[in-house]
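Containing PDB, C-alpha atoms: my_file-v8.pdb.
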```pdb
ATOM      1  CA  MET O 259     -40.192  16.374  42.889
ATOM      2  CA  ILE O 260     -37.933  19.346  42.241
ATOM      3  CA  LYS O 261     -34.875  17.257  43.154
ATOM      4  CA  LYS O 262     -35.916  14.562  40.665
ATOM      5  CA  VAL O 263     -36.351  17.126  37.893
ATOM      6  CA  LEU O 264     -33.012  18.743  38.663
ATOM      7  CA  GLY O 265     -31.373  15.318  38.697
ATOM      8  CA  LEU O 266     -32.870  14.553  35.270
ATOM      9  CA  PHE O 267     -31.550  17.851  33.904
ATOM     10  CA  VAL O 268     -28.059  16.997  35.201
ATOM     11  CA  VAL O 269     -28.127  13.579  33.507
ATOM     12  CA  ILE O 270     -29.294  15.096  30.203
ATOM     13  CA  ALA O 271     -26.592  17.776  30.419
ATOM     14  CA  MET O 272     -23.917  15.135  31.027
ATOM     15  CA  MET O 273     -25.130  13.046  28.087
ATOM     16  CA  ALA O 274     -25.111  16.094  25.806
ATOM     17  CA  SER O 275     -21.600  16.992  26.964
ATOM     18  CA  CYS O 276     -20.315  13.482  26.231
ATOM     19  CA  ALA O 277     -21.954  13.498  22.799
ATOM     20  CA  ASN O 278     -20.320  16.838  21.976
ATOM     21  CA  LYS O 279     -16.916  15.541  23.062
ATOM     22  CA  GLU O 280     -17.278  12.411  20.916
ATOM     23  CA  GLN O 281     -18.340  14.502  17.926
ATOM     24  CA  LYS O 282     -15.371  16.839  18.357
ATOM     25  CA  THR O 283     -13.003  13.839  18.661
ATOM     26  CA  GLU O 284     -14.372  12.330  15.448
ATOM     27  CA  GLN O 285     -14.016  15.634  13.642
ATOM     28  CA  ALA O 286     -10.455  16.022  14.919
ATOM     29  CA  ASN O 287      -9.564  12.514  13.725
ATOM     30  CA  GLU O 288     -10.996  13.264  10.299
ATOM     31  CA  GLN O 289      -8.978  16.457  10.096
ATOM     32  CA  GLU O 290      -5.784  14.556  11.013
ATOM     33  CA  ILE O 291      -6.051  12.382   7.881
ATOM     34  CA  VAL O 292      -3.694  13.953   5.363
ATOM     35  CA  LYS O 293      -3.484  12.717   1.783
ATOM     36  CA  LEU O 294       0.202  12.231   0.993
ATOM     37  CA  THR O 295       1.682  12.317  -2.481
ATOM     38  CA  VAL O 296       3.934   9.589  -3.839
ATOM     39  CA  ASP O 297       6.851  12.022  -3.814
ATOM     40  CA  GLU O 298       6.260  12.854  -0.130
ATOM     41  CA  VAL O 299       6.140   9.201   0.901
ATOM     42  CA  VAL O 300       9.241   8.241  -1.083
ATOM     43  CA  GLY O 301      11.081  11.196   0.416
ATOM     44  CA  ASP O 302      10.587   9.946   3.992
ATOM     45  CA  MET O 303       9.687   6.247   3.848
ATOM     46  CA  LEU O 304      11.057   5.049   7.185
ATOM     47  CA  SER O 305       8.824   7.428   9.133
ATOM     48  CA  HIS O 306       5.707   5.780   7.639
ATOM     49  CA  VAL O 307       6.579   2.108   8.259
ATOM     50  CA  ASP O 308       3.775   0.129   9.954
ATOM     51  CA  LYS O 309       1.534   3.205   9.989
ATOM     52  CA  GLU O 310      -1.766   3.714   8.165
ATOM     53  CA  ILE O 311      -1.452   6.348   5.473
ATOM     54  CA  VAL O 312      -3.602   7.844   2.729
ATOM     55  CA  ILE O 313      -1.678   8.287  -0.499
ATOM     56  CA  LYS O 314      -2.791   9.711  -3.839
ATOM     57  CA  GLY O 315      -1.302   9.154  -7.262
ATOM     58  CA  THR O 316      -1.820   7.959 -10.816
ATOM     59  CA  VAL O 317      -1.836   4.265 -11.700
ATOM     60  CA  ASN O 318       0.857   3.743 -14.311
ATOM     61  CA  HIS O 319       0.940  -0.057 -14.223
ATOM     62  CA  VAL O 320      -1.135  -3.029 -13.065
ATOM     63  CA  CYS O 321       0.684  -6.354 -13.114
ATOM     64  CA  SER O 322      -0.862  -8.953 -15.385
ATOM     65  CA  HIS O 323       0.283 -11.722 -13.051
ATOM     66  CA  GLY O 324      -3.012 -12.092 -11.216
ATOM     67  CA  GLY O 325      -3.618  -8.380 -10.640
ATOM     68  CA  LYS O 326      -1.951  -8.656  -7.244
ATOM     69  CA  ARG O 327       0.011  -5.438  -7.471
ATOM     70  CA  MET O 328      -0.238  -2.026  -9.054
ATOM     71  CA  PHE O 329       2.078   0.950  -9.140
ATOM     72  CA  ILE O 330       1.198   4.587  -8.638
ATOM     73  CA  ILE O 331       3.276   7.631  -9.503
ATOM     74  CA  GLY O 332       3.171  11.300  -8.566
ATOM     75  CA  GLU O 333       4.671  14.388 -10.193
ATOM     76  CA  ASN O 334       7.995  12.610 -10.639
ATOM     77  CA  SER O 335       7.150   9.770 -13.009
ATOM     78  CA  ASP O 336      10.447   8.012 -12.178
ATOM     79  CA  LEU O 337       9.235   7.294  -8.639
ATOM     80  CA  ALA O 338       6.524   4.728  -7.984
ATOM     81  CA  ILE O 339       4.962   3.060  -4.972
ATOM     82  CA  ARG O 340       3.762  -0.517  -5.141
ATOM     83  CA  ILE O 341       0.254  -1.157  -3.849
ATOM     84  CA  THR O 342      -1.011  -4.589  -2.839
ATOM     85  CA  PRO O 343      -4.641  -5.446  -2.050
ATOM     86  CA  SER O 344      -5.855  -6.823   1.258
ATOM     87  CA  LYS O 345      -7.833 -10.061   1.147
ATOM     88  CA  GLU O 346     -11.061  -8.076   1.445
ATOM     89  CA  ILE O 347     -10.337  -5.988  -1.633
ATOM     90  CA  GLY O 348      -9.460  -8.678  -4.163
ATOM     91  CA  LEU O 349      -7.440  -7.996  -7.311
ATOM     92  CA  PHE O 350      -6.609  -4.994  -9.480
ATOM     93  CA  GLU O 351      -7.826  -4.662 -13.053
ATOM     94  CA  LYS O 352      -5.749  -3.454 -15.994
ATOM     95  CA  GLU O 353      -8.443  -0.855 -16.671
ATOM     96  CA  LEU O 354      -7.148   1.078 -13.656
ATOM     97  CA  GLU O 355      -4.066   2.162 -15.586
ATOM     98  CA  GLY O 356      -4.126   5.903 -16.109
ATOM     99  CA  SER O 357      -6.632   6.484 -13.286
ATOM    100  CA  ASP O 358      -6.055   8.862 -10.375
ATOM    101  CA  VAL O 359      -6.549   6.978  -7.111
ATOM    102  CA  ILE O 360      -6.569   7.627  -3.369
ATOM    103  CA  VAL O 361      -5.324   4.610  -1.412
ATOM    104  CA  THR O 362      -5.711   3.933   2.306
ATOM    105  CA  GLY O 363      -3.496   1.269   3.820
ATOM    106  CA  VAL O 364      -0.534   0.313   5.985
ATOM    107  CA  PHE O 365       2.960   1.189   4.785
ATOM    108  CA  LYS O 366       5.136  -1.939   4.879
ATOM    109  CA  GLU O 367       8.860  -2.639   4.845
ATOM    110  CA  LEU O 368      10.696  -5.843   3.874
ATOM    111  CA  ARG O 369      14.398  -6.065   4.642
ATOM    112  CA  ILE O 370      16.313  -8.115   2.085
ATOM    113  CA  ASP O 371      19.376  -9.806   3.614
ATOM    114  CA  GLU O 372      21.463 -12.900   2.841
ATOM    115  CA  ALA O 373      19.164 -15.201   4.820
ATOM    116  CA  TYR O 374      16.195 -14.012   2.744
ATOM    117  CA  VAL O 375      18.090 -14.580  -0.513
ATOM    118  CA  VAL O 376      19.151 -18.083   0.580
ATOM    119  CA  SER O 377      15.513 -18.984   1.275
ATOM    120  CA  LEU O 378      14.508 -17.802  -2.217
ATOM    121  CA  GLU O 379      17.367 -19.765  -3.733
ATOM    122  CA  LYS O 380      16.241 -22.920  -1.914
ATOM    123  CA  GLU O 381      12.652 -22.535  -3.122
ATOM    124  CA  LEU O 382      13.868 -21.987  -6.680
ATOM    125  CA  SER O 383      15.890 -25.230  -6.548
ATOM    126  CA  GLU O 384      12.771 -27.028  -5.309
ATOM    127  CA  GLY O 385      10.667 -25.649  -8.161
ATOM    128  CA  ILE O 386       8.532 -23.446  -5.920
ATOM    129  CA  ASP O 387       7.144 -20.364  -7.683
ATOM    130  CA  ASN O 388       7.502 -17.814  -4.892
ATOM    131  CA  GLU O 389       5.375 -14.711  -5.433
ATOM    132  CA  ALA O 390       8.363 -12.687  -4.209
ATOM    133  CA  PHE O 391      10.087 -13.090  -7.586
ATOM    134  CA  HIS O 392       7.328 -10.998  -9.154
ATOM    135  CA  ASP O 393       7.815  -8.361  -6.467
ATOM    136  CA  HIS O 394      11.565  -8.186  -7.039
ATOM    137  CA  SER O 395      11.173  -7.980 -10.801
ATOM    138  CA  GLY O 396       9.772  -4.477 -10.322
ATOM    139  CA  GLY O 397       6.858  -5.254 -12.605
ATOM    140  CA  THR O 398       9.066  -5.780 -15.656
ATOM    141  CA  HIS O 399       8.409  -9.496 -16.099
ATOM    142  CA  ASP O 400       4.742  -9.826 -15.290
ATOM    143  CA  GLU O 401       3.433 -10.587 -18.767
ATOM    144  CA  THR O 402       4.806 -14.155 -18.641
ATOM    145  CA  GLU O 403       6.225 -16.400 -15.989
ATOM    146  CA  GLU O 404       9.864 -15.721 -15.222
ATOM    147  CA  HIS O 405      12.284 -18.399 -16.413
ATOM    148  CA  ASP O 406      14.720 -19.886 -13.923
ATOM    149  CA  ASP O 407      17.640 -17.958 -15.426
ATOM    150  CA  GLU O 408      15.741 -14.680 -14.932
ATOM    151  CA  LYS O 409      15.040 -15.594 -11.311
ATOM    152  CA  LYS O 410      18.698 -16.449 -10.783
ATOM    153  CA  ALA O 411      19.617 -13.066 -12.235
ATOM    154  CA  GLN O 412      17.262 -11.432  -9.732
ATOM    155  CA  ILE O 413      18.956 -13.305  -6.890
ATOM    156  CA  GLU O 414      22.393 -12.161  -8.043
ATOM    157  CA  ALA O 415      21.137  -8.572  -8.307
ATOM    158  CA  MET O 416      19.820  -8.820  -4.738
ATOM    159  CA  ARG O 417      23.188 -10.054  -3.494
ATOM    160  CA  GLU O 418      24.938  -7.162  -5.239
ATOM    161  CA  LYS O 419      22.642  -4.649  -3.540
ATOM    162  CA  ILE O 420      23.201  -6.307  -0.150
ATOM    163  CA  ALA O 421      26.966  -6.188  -0.678
ATOM    164  CA  THR O 422      26.882  -2.436  -1.331
ATOM    165  CA  SER O 423      24.564  -1.684   1.606
ATOM    166  CA  GLU O 424      25.920  -0.349   4.885
ATOM    167  CA  ASN O 425      23.680  -2.459   7.136
ATOM    168  CA  GLY O 426      23.906  -5.831   5.417
ATOM    169  CA  TYR O 427      20.428  -5.469   3.960
ATOM    170  CA  TYR O 428      18.308  -3.196   1.791
ATOM    171  CA  SER O 429      14.620  -2.478   2.088
ATOM    172  CA  GLN O 430      11.576  -2.701  -0.134
ATOM    173  CA  PHE O 431       8.499  -0.670   0.705
ATOM    174  CA  TRP O 432       4.873  -0.898  -0.333
ATOM    175  CA  VAL O 433       1.329  -0.089   0.777
ATOM    176  CA  GLU O 434      -1.001  -2.894   1.791
ATOM    177  CA  ALA O 435      -4.285  -1.249   0.919
ATOM    178  CA  SER O 436      -7.488  -1.668   2.892
ATOM    179  CA  LYS O 437      -9.487   0.494   0.451
ATOM    180  CA  PHE O 438      -9.064   2.879  -2.444
ATOM    181  CA  GLU O 439     -11.000   5.429  -4.434
ATOM    182  CA  VAL O 440     -10.846   6.047  -8.154
ATOM    183  CA  LYS O 441     -11.170   9.711  -9.002
ATOM    184  CA  GLU O 442     -13.138  10.314 -12.169
ATOM    185  CA  TYR O 443     -13.919  13.799 -13.431
ATOM    186  CA  ASP O 444     -15.538  15.818 -10.614
ATOM    187  CA  HIS O 445     -16.413  13.002  -8.261
ATOM    188  CA  ASP O 446     -14.844  10.027  -6.543
ATOM    189  CA  HIS O 447     -16.039   6.466  -6.844
ATOM    190  CA  ALA O 448     -15.255   4.782  -3.549
ATOM    191  CA  HIS O 449     -14.231   1.147  -3.396
ATOM    192  CA  ASP O 450     -13.995  -0.509  -0.008
ATOM    193  CA  ASP O 451     -14.677  -3.794   1.714
ATOM    194  CA  HIS O 452     -18.439  -3.540   1.133
ATOM    195  CA  ASP O 453     -18.552  -2.301  -2.452
ATOM    196  CA  HIS O 454     -17.792  -5.378  -4.533
ATOM    197  CA  GLU O 455     -15.415  -8.304  -4.683
ATOM    198  CA  GLY O 456     -13.102  -6.739  -7.219
ATOM    199  CA  ASP O 457     -12.025  -3.722  -5.161
ATOM    200  CA  HIS O 458      -8.517  -2.920  -6.139
ATOM    201  CA  ASP O 459      -5.613  -2.321  -3.894
ATOM    202  CA  HIS O 460      -2.095  -2.489  -5.063
ATOM    203  CA  ASP O 461       1.228  -3.033  -3.659
ATOM    204  CA  HIS O 462       4.091  -1.316  -5.208
ATOM    205  CA  ALA O 463       6.596  -1.092  -2.563
ATOM    206  CA  GLU O 464      10.109  -0.115  -3.034
ATOM    207  CA  GLY O 465      10.093   3.587  -3.405
ATOM    208  CA  GLU O 466      12.582   2.946  -6.170
ATOM    209  CA  GLU O 467      12.458   3.735  -9.833
ATOM    210  CA  HIS O 468       9.888   1.607 -11.619
ATOM    211  CA  THR O 469      10.578   0.637 -15.213
ATOM    212  CA  HIS O 470       8.649  -1.424 -17.740
TER     213      HIS O 470
END
```
Mind turning the file's structure into structure tokens?
Amino acid sequence: MIKKVLGLFVVIAMMASCANKEQKTEQANEQEIVKLTVDEVVGDMLSHVDKEIVIKGTVNHVCSHGGKRMFIIGENSDLAIRITPSKEIGLFEKELEGSDVIVTGVFKELRIDEAYVVSLEKELSEGIDNEAFHDHSGGTHDETEEHDDEKKAQIEAMREKIATSENGYYSQFWVEASKFEVKEYDHDHAHDDHDHEGDHDHDHAEGEEHTH
């Protein structure tokens, strides 16, 4: 009988120990999540590629072309990061402009080289409206559809940037958001996959100057 009781105590002690370890691991993971500023991300973009990050900033623009991208800025208003929503989030609303947000998502990189430009050129000749043209416009032509001559100008600008690059390509960066929070006054309103269909995630990805 005593052996059975002692054995039960050992099992309970082991279960408690495991539970404590799991709790400490969860707490450690939570502490590892650091909210980065736009300026910090832009200052060291390559180190964040394909990693999940949490970034905070102010929404200075939401593209009217379907609400598929928004741009956030930090202390330096000349630097912006494009945010794109995951399928679970949906689209961004214009009402987000001026809001302070905290975005969680994966930092992405797209390398623009001659092969990429040729593929865009081919789609343009075939009358295909590639969403990439809206990305490369930097948000400056989202109020109306770009005309073919504007798209051709974008292609020429891409080729000029490739020609001046050392590696035969240049990169665009953005955050593909899985969730975001809108900070209002003294509390945060969280938007994630389970909140509502219109959760907004934005993709402003170039780490370059963003003009309107």
Per residue of range 363-430 of chain O within 12 Å of range 308-311 of chain O, note the shortest atom pair and the distance in Å to one decimal, counting only C-alpha atoms, and order the rows by chain and increasing residue number, as a Markdown table.
```
| residue | atom | partner | partner_atom | distance |
| --- | --- | --- | --- | --- |
| O:Gly363 | CA | O:Glu310 | CA | 5.3 |
| O:Val364 | CA | O:Glu310 | CA | 4.2 |
| O:Phe365 | CA | O:Asp308 | CA | 5.3 |
| O:Lys366 | CA | O:Asp308 | CA | 5.6 |
| O:Glu367 | CA | O:Asp308 | CA | 7.7 |
| O:Leu368 | CA | O:Asp308 | CA | 11.0 |
```
Let me see the file: selected residues, C-alpha atoms, as a PDB file, in the frame of the given file.
```
ATOM      1  CA  GLY O 363      -3.496   1.269   3.820  1.00  0.00           C
ATOM      2  CA  VAL O 364      -0.534   0.313   5.985  1.00  0.00           C
ATOM      3  CA  PHE O 365       2.960   1.189   4.785  1.00  0.00           C
ATOM      4  CA  LYS O 366       5.136  -1.939   4.879  1.00  0.00           C
ATOM      5  CA  GLU O 367       8.860  -2.639   4.845  1.00  0.00           C
ATOM      6  CA  LEU O 368      10.696  -5.843   3.874  1.00  0.00           C
TER       7      LEU O 368
END
```
Seminar exercise, completed: Using all atoms listed in the file, the residue out of O:Lys314, O:Lys345, O:Arg369, O:Lys293 with shortest distance to Phe431 in chain O is O:Arg369
Just want the 8 Å neighbourhood of Gly325 in chain O, counted on only C-alpha atoms, with same-chain residues fewer than 5 positions away dropped. Output as a CSV table (one decimal) with C-alpha atoms, keeping the file's coordinate frame.
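What ended up in part_0.csv:
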```
chain,number,residue,atom,x,y,z
O,320,VAL,CA,-1.1,-3.0,-13.1
O,349,LEU,CA,-7.4,-8.0,-7.3
O,350,PHE,CA,-6.6,-5.0,-9.5
O,351,GLU,CA,-7.8,-4.7,-13.1
O,352,LYS,CA,-5.7,-3.5,-16.0
```
Exercise. Restricting the calculation to all atoms listed in the file, which member of O:Val296, O:Ile360, O:Ile386, O:Ile313 is positioned closest to Asn334 in chain O?
Worked result: O:Val296
If the PyMOL selection byres ((chain O and resi 408-414) around 9) is run on the structure shown, which residues does it catch, given as a PDB file with C-alpha atoms, keeping the file's coordinate frame?
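And here is the file that came out, selection.pdb:
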```
ATOM      1  CA  VAL O 375      18.090 -14.580  -0.513  1.00  0.00           C
ATOM      2  CA  VAL O 376      19.151 -18.083   0.580  1.00  0.00           C
ATOM      3  CA  LEU O 378      14.508 -17.802  -2.217  1.00  0.00           C
ATOM      4  CA  GLU O 379      17.367 -19.765  -3.733  1.00  0.00           C
ATOM      5  CA  LEU O 382      13.868 -21.987  -6.680  1.00  0.00           C
ATOM      6  CA  PHE O 391      10.087 -13.090  -7.586  1.00  0.00           C
ATOM      7  CA  HIS O 394      11.565  -8.186  -7.039  1.00  0.00           C
ATOM      8  CA  SER O 395      11.173  -7.980 -10.801  1.00  0.00           C
ATOM      9  CA  GLU O 404       9.864 -15.721 -15.222  1.00  0.00           C
ATOM     10  CA  HIS O 405      12.284 -18.399 -16.413  1.00  0.00           C
ATOM     11  CA  ASP O 406      14.720 -19.886 -13.923  1.00  0.00           C
ATOM     12  CA  ASP O 407      17.640 -17.958 -15.426  1.00  0.00           C
ATOM     13  CA  ALA O 415      21.137  -8.572  -8.307  1.00  0.00           C
ATOM     14  CA  MET O 416      19.820  -8.820  -4.738  1.00  0.00           C
ATOM     15  CA  ARG O 417      23.188 -10.054  -3.494  1.00  0.00           C
ATOM     16  CA  GLU O 418      24.938  -7.162  -5.239  1.00  0.00           C
ATOM     17  CA  LYS O 419      22.642  -4.649  -3.540  1.00  0.00           C
TER      18      LYS O 419
END
```
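For the atom pair formed by CA of Ile347 in chain O and CA of Met328 in chain O, the distance is 13.1 Å, given to one decimal.
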Exercise. With only C-alpha atoms as the atoms that count, which of O:Gly332, O:Pro343, O:Gly324, O:Gly315 lies nearest to Val440 in chain O?
Worked result: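 When distances to Val440 in chain O are compared using only C-alpha atoms, the smallest one comes from O:Gly315.
Take CA of Ser344 in chain O and CA of Ala435 in chain O: the distance between them is 5.8 Å.
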Return as an mmCIF file with C-alpha atoms, in the coordinates of the input the set of residues that the PyMOL selection byres ((chain O and resi 426) around 10) yields on the displayed structure.
```
data_model
loop_
_atom_site.group_PDB
_atom_site.id
_atom_site.type_symbol
_atom_site.label_atom_id
_atom_site.label_comp_id
_atom_site.auth_asym_id
_atom_site.auth_seq_id
_atom_site.Cartn_x
_atom_site.Cartn_y
_atom_site.Cartn_z
ATOM 1 C CA ARG O 369 14.398 -6.065 4.642
ATOM 2 C CA ILE O 370 16.313 -8.115 2.085
ATOM 3 C CA ASP O 371 19.376 -9.806 3.614
ATOM 4 C CA GLU O 372 21.463 -12.900 2.841
ATOM 5 C CA ARG O 417 23.188 -10.054 -3.494
ATOM 6 C CA LYS O 419 22.642 -4.649 -3.540
ATOM 7 C CA ILE O 420 23.201 -6.307 -0.150
ATOM 8 C CA ALA O 421 26.966 -6.188 -0.678
ATOM 9 C CA THR O 422 26.882 -2.436 -1.331
ATOM 10 C CA SER O 423 24.564 -1.684 1.606
ATOM 11 C CA GLU O 424 25.920 -0.349 4.885
ATOM 12 C CA ASN O 425 23.680 -2.459 7.136
ATOM 13 C CA TYR O 427 20.428 -5.469 3.960
ATOM 14 C CA TYR O 428 18.308 -3.196 1.791
#
```
Exercise. What is the distance between CA of Ser305 in chain O and CA of Ile339 in chain O, in Å to one decimal?
Worked result: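 Separation of CA of Ser305 in chain O and CA of Ile339 in chain O: 15.3 Å.
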